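First comes the structure, then the notes that go with it.
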Amino acid sequence: MYSSVSLFLGGNMVIIIEGIDRIGKSTLCKKLSEKLGFPIYKEIGVEKKSREGNTRSQMSLLSLCQTTNCNVIFDRLFASEFVYGMLERNYVVIEAIKDFNDALDVLTKISDVIYVGMYSTDIKKSSNEHGKDLSEHDRLFTMTNRFVKEKLSKKQDARVIFCNYYDIDRIVNVIYEIYQEGINNG
């Protein structure tokens with residue numbers, strides 16, 4: 001199921017795919033890249049151990065998108081940094097929340113954003129494939145996705161889409177249509 005926040009207005013697009021491990025984010029990114037021809041930036045900062053370094057890297061990339069009107073697909077970004085930082089890297093809660101909100105504020109200044117929050121169809125299977133229980137990660141992503149949707153719903157040139165692995169082909173086509181519409185109307 002996807003929720004359309006508003007009409008896509010331009011010919012460039014920033015797509016962010018977020019969600020727990022082992023649910024099809026990379027598969028969705030690869031299919032979108034093949035269909036749209038956009039580059040994929042994977043897990044920017046998510047694998048590093050420094051909250052400050054990760055946040056600076058992610059904010060710089062978002063600011064670059066804001067100033068260059070680029071076409072790009074992010075396979076994880078600030079929501080993943082928040083969730084995995086909180087649950088696995090012991091980030092200080094108030095600092096992690098501030099970083100998340102700062103990134104979301106920058107995102108609201110970027111034209112033509114699509115945020116895709118993926119959810120698990122089988123949390124036990126995802127957890128087993130990952131090697132540890134991801135239930136808390138899933139719960140925290142659900143909360144962060146609500147905040148993202150609330151914030152981006154105020155933008156006319158943003159869409160928020162929620163989907164699972166079984167929706168991937170349909171979502172690729174939906175995003176492709178949005179992109180084509182933007183080119184035709186831009």
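If you're wondering about the labels, chains in the structure tokens are A, B, ... by order shown, residues count from 1 in each chain, ligands from 1 in order shown.
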Q: Determine, counting only C-alpha atoms, which protein, DNA and RNA residues have an atom within 8 Å of an atom of segment 134-148 of chain A; residues of the same chain fewer than 2 positions away are not included. Present the result as an MDAnalysis selection string.
A: chainID A and resid 19:21 79:80 83:84 87 104 117 119:120 123 126:127 132 150:152
Q. Which neighbours of Ser63 of chain A fall inside 12 Å, counting only C-alpha atoms, when residues of the same chain fewer than 6 positions from it are skipped, and could you give them as a ChimeraX atom specification?
A. /A:14,55-57,69-70,102-111
Pick out the residues sitting within 8 Å of Ile114 of chain A, and hand them over as a JSON list (two decimals) with N, CA and C atoms, in the first residue's frame; count only C-alpha atoms, and ignore anything fewer than 5 positions along from it in its own chain.
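Printed below is selection.json as written:
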[["chain", "number", "residue", "atom", "x", "y", "z"],
["A", 13, "MET", "N", 14.75, 13.56, -8.91],
["A", 13, "MET", "CA", 14.09, 12.84, -7.82],
["A", 13, "MET", "C", 15.11, 12.30, -6.82],
["A", 14, "VAL", "N", 14.79, 12.40, -5.55],
["A", 14, "VAL", "CA", 15.55, 11.77, -4.48],
["A", 14, "VAL", "C", 14.65, 10.70, -3.87],
["A", 15, "ILE", "N", 15.12, 9.46, -3.90],
["A", 15, "ILE", "CA", 14.36, 8.33, -3.37],
["A", 15, "ILE", "C", 15.13, 7.76, -2.19],
["A", 16, "ILE", "N", 14.47, 7.61, -1.07],
["A", 16, "ILE", "CA", 15.09, 7.03, 0.13],
["A", 16, "ILE", "C", 14.31, 5.78, 0.50],
["A", 158, "ALA", "N", 6.41, 15.84, -2.48],
["A", 158, "ALA", "CA", 6.90, 14.65, -1.79],
["A", 158, "ALA", "C", 5.84, 13.56, -1.79],
["A", 159, "ARG", "N", 6.32, 12.35, -1.73],
["A", 159, "ARG", "CA", 5.43, 11.19, -1.57],
["A", 159, "ARG", "C", 6.04, 10.29, -0.51],
["A", 160, "VAL", "N", 5.17, 9.66, 0.24],
["A", 160, "VAL", "CA", 5.58, 8.66, 1.21],
["A", 160, "VAL", "C", 4.87, 7.37, 0.83],
["A", 161, "ILE", "N", 5.66, 6.31, 0.70],
["A", 161, "ILE", "CA", 5.14, 5.02, 0.28],
["A", 161, "ILE", "C", 5.52, 3.99, 1.32]]
May I have all residues of segment 50-160 of chain A that DSSP, computed from the backbone, assigns to strand (DSSP E or B), given as a JSON list (two decimals) with C-alpha atoms, in the first residue's frame?
[["chain", "number", "residue", "atom", "x", "y", "z"],
["A", 72, "VAL", "CA", 19.56, 9.36, -6.61],
["A", 73, "ILE", "CA", 18.39, 6.32, -4.68],
["A", 74, "PHE", "CA", 19.51, 5.96, -1.06],
["A", 75, "ASP", "CA", 19.53, 2.38, 0.24],
["A", 113, "VAL", "CA", 11.38, 13.39, -2.63],
["A", 114, "ILE", "CA", 10.01, 9.88, -2.40],
["A", 115, "TYR", "CA", 10.43, 8.14, 0.95],
["A", 116, "VAL", "CA", 9.75, 4.40, 0.95],
["A", 117, "GLY", "CA", 9.30, 2.76, 4.34],
["A", 118, "MET", "CA", 9.48, -1.01, 3.91],
["A", 158, "ALA", "CA", 6.90, 14.65, -1.79],
["A", 159, "ARG", "CA", 5.43, 11.19, -1.57],
["A", 160, "VAL", "CA", 5.58, 8.66, 1.21]]
(Q) One number please: atom CA of Asn101 of chain A to atom CA of Arg89 of chain A, in Å, one decimal. (A)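 Interatomic distance, atom CA of Asn101 of chain A to atom CA of Arg89 of chain A: 18.6 Å.
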Determine, counting only C-alpha atoms, which protein, DNA and RNA residues have an atom within 12 Å of an atom of Leu28 of chain A; residues of the same chain fewer than 2 positions away are not included. Present the result as a compact mmCIF listing (two decimals) with all heavy atoms, in the first residue's frame.
# COMPACT_ATOMS: atom_id res chain seq x y z
N ILE A 15 15.12 9.46 -3.90
CA ILE A 15 14.36 8.33 -3.37
C ILE A 15 15.13 7.76 -2.19
O ILE A 15 16.32 7.47 -2.31
CB ILE A 15 14.17 7.23 -4.44
CG1 ILE A 15 13.48 7.81 -5.68
CG2 ILE A 15 13.37 6.06 -3.86
CD1 ILE A 15 13.51 6.87 -6.88
N ILE A 16 14.47 7.61 -1.07
CA ILE A 16 15.09 7.03 0.13
C ILE A 16 14.31 5.78 0.50
O ILE A 16 13.09 5.83 0.67
CB ILE A 16 15.08 8.04 1.30
CG1 ILE A 16 15.86 9.30 0.92
CG2 ILE A 16 15.65 7.39 2.56
CD1 ILE A 16 15.72 10.43 1.91
N ILE A 17 15.02 4.66 0.62
CA ILE A 17 14.42 3.38 0.99
C ILE A 17 14.90 3.03 2.39
O ILE A 17 16.10 2.94 2.63
CB ILE A 17 14.83 2.25 0.01
CG1 ILE A 17 14.70 2.68 -1.45
CG2 ILE A 17 14.06 0.97 0.34
CD1 ILE A 17 13.32 2.96 -1.93
N GLU A 18 13.98 2.82 3.32
CA GLU A 18 14.32 2.53 4.71
C GLU A 18 13.58 1.29 5.20
O GLU A 18 12.51 0.96 4.70
CB GLU A 18 13.95 3.72 5.61
CG GLU A 18 14.78 4.96 5.40
CD GLU A 18 16.15 4.91 6.07
OE1 GLU A 18 16.59 3.83 6.50
OE2 GLU A 18 16.76 5.98 6.18
N GLY A 19 14.15 0.64 6.21
CA GLY A 19 13.52 -0.51 6.85
C GLY A 19 14.57 -1.41 7.50
O GLY A 19 15.77 -1.19 7.34
N ARG A 22 17.02 -7.42 5.80
CA ARG A 22 16.47 -8.65 5.21
C ARG A 22 14.99 -8.55 4.82
O ARG A 22 14.23 -9.50 4.98
CB ARG A 22 16.66 -9.85 6.15
CG ARG A 22 18.05 -10.02 6.74
CD ARG A 22 19.15 -10.19 5.77
NE ARG A 22 18.89 -11.33 4.89
CZ ARG A 22 19.53 -11.55 3.75
NH1 ARG A 22 20.45 -10.71 3.35
NH2 ARG A 22 19.24 -12.59 3.02
N ILE A 23 14.58 -7.38 4.28
CA ILE A 23 13.17 -7.25 3.86
C ILE A 23 13.02 -6.84 2.40
O ILE A 23 11.89 -6.67 1.94
CB ILE A 23 12.39 -6.28 4.77
CG1 ILE A 23 13.01 -4.90 4.77
CG2 ILE A 23 12.24 -6.84 6.16
CD1 ILE A 23 12.16 -3.85 5.46
N GLY A 24 14.12 -6.67 1.67
CA GLY A 24 14.03 -6.37 0.25
C GLY A 24 14.40 -4.96 -0.17
O GLY A 24 14.16 -4.57 -1.31
N LYS A 25 15.02 -4.18 0.73
CA LYS A 25 15.40 -2.80 0.38
C LYS A 25 16.36 -2.77 -0.81
O LYS A 25 16.15 -2.02 -1.76
CB LYS A 25 16.06 -2.11 1.58
CG LYS A 25 15.15 -1.82 2.72
CD LYS A 25 15.88 -1.14 3.86
CE LYS A 25 17.12 -1.86 4.31
NZ LYS A 25 16.93 -3.23 4.79
N SER A 26 17.40 -3.58 -0.75
CA SER A 26 18.39 -3.59 -1.83
C SER A 26 17.78 -4.10 -3.13
O SER A 26 18.11 -3.60 -4.21
CB SER A 26 19.60 -4.43 -1.44
OG SER A 26 20.27 -3.82 -0.35
N LYS A 30 17.78 -1.88 -6.49
CA LYS A 30 18.33 -2.38 -7.77
C LYS A 30 17.30 -2.30 -8.88
O LYS A 30 17.62 -1.87 -10.00
CB LYS A 30 18.83 -3.82 -7.60
CG LYS A 30 20.09 -3.92 -6.80
CD LYS A 30 20.48 -5.37 -6.58
CE LYS A 30 21.59 -5.44 -5.55
NZ LYS A 30 21.85 -6.79 -5.08
N LYS A 31 16.07 -2.68 -8.61
CA LYS A 31 15.03 -2.63 -9.63
C LYS A 31 14.71 -1.19 -10.02
O LYS A 31 14.49 -0.89 -11.20
CB LYS A 31 13.78 -3.37 -9.16
CG LYS A 31 13.97 -4.88 -9.15
CD LYS A 31 12.69 -5.61 -8.81
CE LYS A 31 12.93 -7.11 -8.92
NZ LYS A 31 11.72 -7.85 -9.20
N LEU A 32 14.68 -0.29 -9.04
CA LEU A 32 14.47 1.12 -9.35
C LEU A 32 15.62 1.68 -10.19
O LEU A 32 15.40 2.41 -11.16
CB LEU A 32 14.31 1.94 -8.07
CG LEU A 32 12.99 1.85 -7.36
CD1 LEU A 32 13.08 2.46 -5.97
CD2 LEU A 32 11.89 2.53 -8.16
N SER A 33 16.84 1.33 -9.82
CA SER A 33 18.00 1.79 -10.56
C SER A 33 17.98 1.31 -12.01
O SER A 33 18.27 2.07 -12.94
CB SER A 33 19.28 1.33 -9.87
OG SER A 33 20.42 1.79 -10.57
N GLU A 34 17.61 0.05 -12.20
CA GLU A 34 17.52 -0.50 -13.55
C GLU A 34 16.44 0.23 -14.36
O GLU A 34 16.64 0.53 -15.54
CB GLU A 34 17.19 -1.99 -13.49
CG GLU A 34 18.33 -2.84 -13.01
CD GLU A 34 17.93 -4.27 -12.69
OE1 GLU A 34 16.76 -4.67 -12.93
OE2 GLU A 34 18.79 -5.02 -12.16
N LYS A 35 15.32 0.53 -13.76
CA LYS A 35 14.19 1.15 -14.46
C LYS A 35 14.43 2.63 -14.72
O LYS A 35 14.10 3.15 -15.79
CB LYS A 35 12.91 0.95 -13.65
CG LYS A 35 11.65 1.42 -14.30
CD LYS A 35 11.01 0.32 -15.08
CE LYS A 35 9.63 0.72 -15.55
NZ LYS A 35 8.97 -0.34 -16.27
N LEU A 36 15.00 3.33 -13.73
CA LEU A 36 15.16 4.78 -13.80
C LEU A 36 16.55 5.23 -14.26
O LEU A 36 16.72 6.38 -14.69
CB LEU A 36 14.86 5.42 -12.44
CG LEU A 36 13.45 5.23 -11.89
CD1 LEU A 36 13.39 5.65 -10.44
CD2 LEU A 36 12.45 6.01 -12.73
N ILE A 40 22.70 4.25 -7.00
CA ILE A 40 22.31 3.84 -5.65
C ILE A 40 23.46 4.18 -4.70
O ILE A 40 24.61 3.82 -4.96
CB ILE A 40 22.04 2.33 -5.57
CG1 ILE A 40 20.93 1.92 -6.52
CG2 ILE A 40 21.71 1.91 -4.13
CD1 ILE A 40 20.79 0.41 -6.68
N ILE A 73 19.10 7.26 -5.54
CA ILE A 73 18.39 6.32 -4.68
C ILE A 73 19.29 6.05 -3.47
O ILE A 73 20.44 5.64 -3.65
CB ILE A 73 18.10 4.99 -5.40
CG1 ILE A 73 17.26 5.23 -6.66
CG2 ILE A 73 17.42 4.00 -4.45
CD1 ILE A 73 17.24 4.05 -7.61
N PHE A 74 18.78 6.28 -2.28
CA PHE A 74 19.51 5.96 -1.06
C PHE A 74 18.98 4.65 -0.49
O PHE A 74 17.80 4.55 -0.15
CB PHE A 74 19.37 7.07 -0.01
CG PHE A 74 20.11 8.32 -0.33
CD1 PHE A 74 19.42 9.45 -0.74
CD2 PHE A 74 21.49 8.36 -0.23
CE1 PHE A 74 20.10 10.62 -1.05
CE2 PHE A 74 22.18 9.54 -0.53
CZ PHE A 74 21.48 10.66 -0.93
N ASP A 75 19.85 3.66 -0.41
CA ASP A 75 19.53 2.38 0.24
C ASP A 75 19.92 2.54 1.69
O ASP A 75 21.03 2.22 2.09
CB ASP A 75 20.31 1.25 -0.44
CG ASP A 75 19.96 -0.13 0.10
OD1 ASP A 75 19.32 -0.22 1.16
OD2 ASP A 75 20.36 -1.12 -0.54
N ARG A 76 19.02 3.10 2.47
CA ARG A 76 19.17 3.48 3.87
C ARG A 76 19.77 4.87 3.97
O ARG A 76 20.60 5.27 3.19
CB ARG A 76 20.06 2.52 4.65
CG ARG A 76 19.49 1.16 4.77
CD ARG A 76 20.19 0.44 5.87
NE ARG A 76 19.42 -0.75 6.13
CZ ARG A 76 19.65 -1.55 7.10
NH1 ARG A 76 20.64 -1.31 7.93
NH2 ARG A 76 18.91 -2.60 7.29
N VAL A 116 10.39 5.71 0.92
CA VAL A 116 9.75 4.40 0.95
C VAL A 116 10.12 3.72 2.27
O VAL A 116 11.29 3.42 2.52
CB VAL A 116 10.20 3.52 -0.24
CG1 VAL A 116 9.51 2.16 -0.17
CG2 VAL A 116 9.90 4.21 -1.56
N GLY A 117 9.13 3.49 3.10
CA GLY A 117 9.30 2.76 4.34
C GLY A 117 8.85 1.32 4.11
O GLY A 117 7.68 1.06 3.90
N MET A 118 9.82 0.40 4.12
CA MET A 118 9.48 -1.01 3.91
C MET A 118 9.24 -1.69 5.25
O MET A 118 9.90 -1.36 6.24
CB MET A 118 10.60 -1.72 3.16
CG MET A 118 10.73 -1.23 1.73
SD MET A 118 11.80 -2.27 0.71
CE MET A 118 10.79 -3.75 0.55
N CYS A 163 5.50 -0.16 1.94
CA CYS A 163 5.34 -1.39 1.18
C CYS A 163 6.11 -2.53 1.84
O CYS A 163 6.83 -2.33 2.82
CB CYS A 163 5.83 -1.20 -0.26
SG CYS A 163 7.60 -0.96 -0.42
N ASN A 164 5.93 -3.73 1.28
CA ASN A 164 6.71 -4.88 1.73
C ASN A 164 7.32 -5.55 0.50
O ASN A 164 7.16 -5.07 -0.62
CB ASN A 164 5.86 -5.84 2.56
CG ASN A 164 4.73 -6.46 1.75
OD1 ASN A 164 4.88 -6.85 0.60
ND2 ASN A 164 3.56 -6.56 2.37
N TYR A 165 7.99 -6.65 0.71
CA TYR A 165 8.70 -7.34 -0.36
C TYR A 165 7.78 -7.70 -1.52
O TYR A 165 8.17 -7.61 -2.69
CB TYR A 165 9.38 -8.60 0.21
CG TYR A 165 10.17 -9.34 -0.83
CD1 TYR A 165 11.45 -8.92 -1.16
CD2 TYR A 165 9.63 -10.45 -1.48
CE1 TYR A 165 12.19 -9.59 -2.12
CE2 TYR A 165 10.37 -11.12 -2.45
CZ TYR A 165 11.64 -10.69 -2.76
OH TYR A 165 12.36 -11.34 -3.72
N TYR A 166 6.58 -8.10 -1.22
CA TYR A 166 5.65 -8.54 -2.27
C TYR A 166 5.13 -7.38 -3.12
O TYR A 166 4.54 -7.61 -4.17
CB TYR A 166 4.49 -9.32 -1.65
CG TYR A 166 4.99 -10.54 -0.91
CD1 TYR A 166 4.88 -10.63 0.47
CD2 TYR A 166 5.61 -11.59 -1.59
CE1 TYR A 166 5.35 -11.75 1.15
CE2 TYR A 166 6.09 -12.70 -0.92
CZ TYR A 166 5.96 -12.77 0.45
OH TYR A 166 6.44 -13.86 1.12
N ASP A 167 5.34 -6.14 -2.68
CA ASP A 167 4.91 -4.96 -3.42
C ASP A 167 5.99 -4.40 -4.35
O ASP A 167 5.74 -3.42 -5.06
CB ASP A 167 4.53 -3.83 -2.44
CG ASP A 167 3.35 -4.15 -1.57
OD1 ASP A 167 2.43 -4.83 -2.04
OD2 ASP A 167 3.36 -3.71 -0.40
N ILE A 168 7.19 -4.96 -4.33
CA ILE A 168 8.33 -4.33 -4.99
C ILE A 168 8.06 -4.01 -6.46
O ILE A 168 8.27 -2.88 -6.90
CB ILE A 168 9.61 -5.18 -4.82
CG1 ILE A 168 10.10 -5.05 -3.37
CG2 ILE A 168 10.70 -4.75 -5.79
CD1 ILE A 168 11.30 -5.92 -3.03
N ASP A 169 7.62 -4.96 -7.25
CA ASP A 169 7.42 -4.69 -8.68
C ASP A 169 6.38 -3.61 -8.91
O ASP A 169 6.55 -2.74 -9.77
CB ASP A 169 7.04 -5.98 -9.43
CG ASP A 169 8.21 -6.95 -9.53
OD1 ASP A 169 9.38 -6.49 -9.53
OD2 ASP A 169 7.96 -8.17 -9.59
N ARG A 170 5.31 -3.63 -8.14
CA ARG A 170 4.28 -2.61 -8.26
C ARG A 170 4.82 -1.24 -7.89
O ARG A 170 4.56 -0.24 -8.57
CB ARG A 170 3.07 -2.97 -7.40
CG ARG A 170 1.91 -2.00 -7.55
CD ARG A 170 0.71 -2.42 -6.70
NE ARG A 170 1.00 -2.48 -5.28
CZ ARG A 170 1.03 -1.40 -4.47
NH1 ARG A 170 0.81 -0.21 -4.95
NH2 ARG A 170 1.27 -1.55 -3.19
N ILE A 171 5.61 -1.17 -6.82
CA ILE A 171 6.16 0.10 -6.35
C ILE A 171 7.15 0.66 -7.37
O ILE A 171 7.19 1.87 -7.62
CB ILE A 171 6.80 -0.05 -4.96
CG1 ILE A 171 5.73 -0.40 -3.92
CG2 ILE A 171 7.58 1.20 -4.56
CD1 ILE A 171 4.58 0.58 -3.83
N VAL A 172 7.95 -0.20 -8.00
CA VAL A 172 8.86 0.26 -9.05
C VAL A 172 8.06 0.93 -10.16
O VAL A 172 8.42 2.03 -10.64
CB VAL A 172 9.70 -0.91 -9.62
CG1 VAL A 172 10.43 -0.51 -10.90
CG2 VAL A 172 10.70 -1.40 -8.58
N ASN A 173 6.97 0.32 -10.56
CA ASN A 173 6.13 0.91 -11.61
C ASN A 173 5.47 2.21 -11.17
O ASN A 173 5.38 3.16 -11.95
CB ASN A 173 5.09 -0.10 -12.10
CG ASN A 173 5.73 -1.23 -12.88
OD1 ASN A 173 6.72 -1.04 -13.58
ND2 ASN A 173 5.17 -2.42 -12.77
N ILE A 175 6.64 4.36 -8.93
CA ILE A 175 7.67 5.41 -8.89
C ILE A 175 8.09 5.80 -10.31
O ILE A 175 8.30 6.99 -10.59
CB ILE A 175 8.87 4.96 -8.02
CG1 ILE A 175 8.41 4.87 -6.55
CG2 ILE A 175 10.05 5.92 -8.17
CD1 ILE A 175 9.44 4.29 -5.60
**Q.** chain A: residues DSSP assigns to helix (DSSP H, G or I), reported as a PyMOL selection string
**A.** chain A and resi 25-36+51-68+78-88+93-107+123-130+135-152+165-185
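When atom CA of Lys42 of chain A is paired with atom CA of Cys29 of chain A, their separation reads 9.2 Å.
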